[in-house]
Every structure is written in structure tokens, then in C-alpha cells.
Amino acid sequence: MDPITAAALAALAGSLGSEAGRQTWQGLAALVRRPFVRWAQTPGMPEISSGELELAALEGDPTDPIRAQALATALGLRTTLDDEFRALLEEWSQQLGTVSGGEVHNRISGGTQNGPVLQGRDFSGISFNVTAPAPAAPDGNSRAEI
């Protein structure tokens with residue numbers, strides 16, 4: 001499994017305003033909160049973070065790259081020590097790719113556009129105040145006289 005980068009975690013934490021972002025974050029939180037039993041029960045081993053504190057810290061300040069890196073490190077270490085967690089995190093990560101929709105390619109063709117054009121991805125709550133063009137006259141002129 002490729003490690004989850006701090007940038008990806010920060011982007012995810014920054015998307016908590018959307019429903020998809022919240023659901024994805026909740027999925028990660030549920031994984032992190034799973035018991036880290038096998039390692040914790042090994043006598044003489046140092047205590048390793050489950051990632052819960054780092055997850056909460058990043059959720060509190062998603063723009064802090066140090067918090068994002070701390071979570072990425074905790075998850076990476078946990079995946080090396082817990083095979084079950086690694087498999088579940090990999091499954092979550094693959095689902096994240098399908099939920100996010102992958103790449104976006106925008107293209108406009110066909111000449112002049114008669115209205116606003118918006119390119120991007122995952123828009124919500126957008127409206128345009130555009131007036132409709134005047135109806136054409138029966139003779140084809142752009143203005144009808146009444």
C-alpha cells in the first residue's frame with residue numbers, strides 16, 4: 001500500500017464542509033478508533049499511537065501541515081505493525097479514489113458561448129443572475145416590435 005500523504009490528509013480534513021468529505025473522514029476515524037490490541041499487548045514494546053490524537057488535532061486545524069504529517073506518520077507506523085489495519089486502510093483508500101471521482105478534464109468547443117461558463121469540479125450552491133435574451137421577431141430580427 002502506498003502511504004497516505006500528509007497533503008492528502010490535509011485536503012480531506014479541509015473538505016469536511018461537504019457531505020462526501022464528512023463521510024470519508026468518518027470512515028477514516030472509524031478505522032483509527034479500532035482497537036490497536038495486538039501491538040499494545042506485546043510486553044516490552046514501546047507505546048505506539050493509534051492515530052486518534054493526531055486525527056482529532058488535524059480535524060481541529062486542517063490547514064496545519066505539521067498536524068497532517070503527524071497523522072500520516074501515525075497511520076504509516078500503524079500499518080507496518082497491524083496487518084488487519086493495513087488491509088482495512090488500503091480498502092478505505094481505494095474507496096476514496098472512487099468517491100472522489102479521479103481526474104477532471106474540462107473542455108469548451110464549438111465557438112462563442114452565450115452565457116457563463118464554469119469549469120471545475122464539485123460545485124454546490126452556485127447561481128447565476130442572467131437575463132434571458134429577448135425573443136426573436138417572426139421575421140428573424142432579434143427584436144420584436146409590439
# chains A, B, ... in the order shown; residues from 1 in each chain; ligands from 1
>>> residues_around(residues="Gly76 in chain A", least_positions_apart="2", cutoff="12 Å", atoms="only C-alpha atoms", output="number ranges by chain")
A: 1-6, 32, 48-51, 69-74, 78-83, 85-86, 89-90
>>> closest_residue(among="A:Leu16, A:Leu28, A:Ala87, A:Leu9", to="Glu52 in chain A", atoms="only C-alpha atoms")
A:Leu28
>>> select_by_dssp(residues="range 60-102 of chain A", states="helix (DSSP H, G or I)", output="ChimeraX atom specification")
/A:60,65-81,83-100
>>> atom_distance(atom1="CA of Gly14 in chain A", atom2="CA of Pro35 in chain A")
26.2 Å
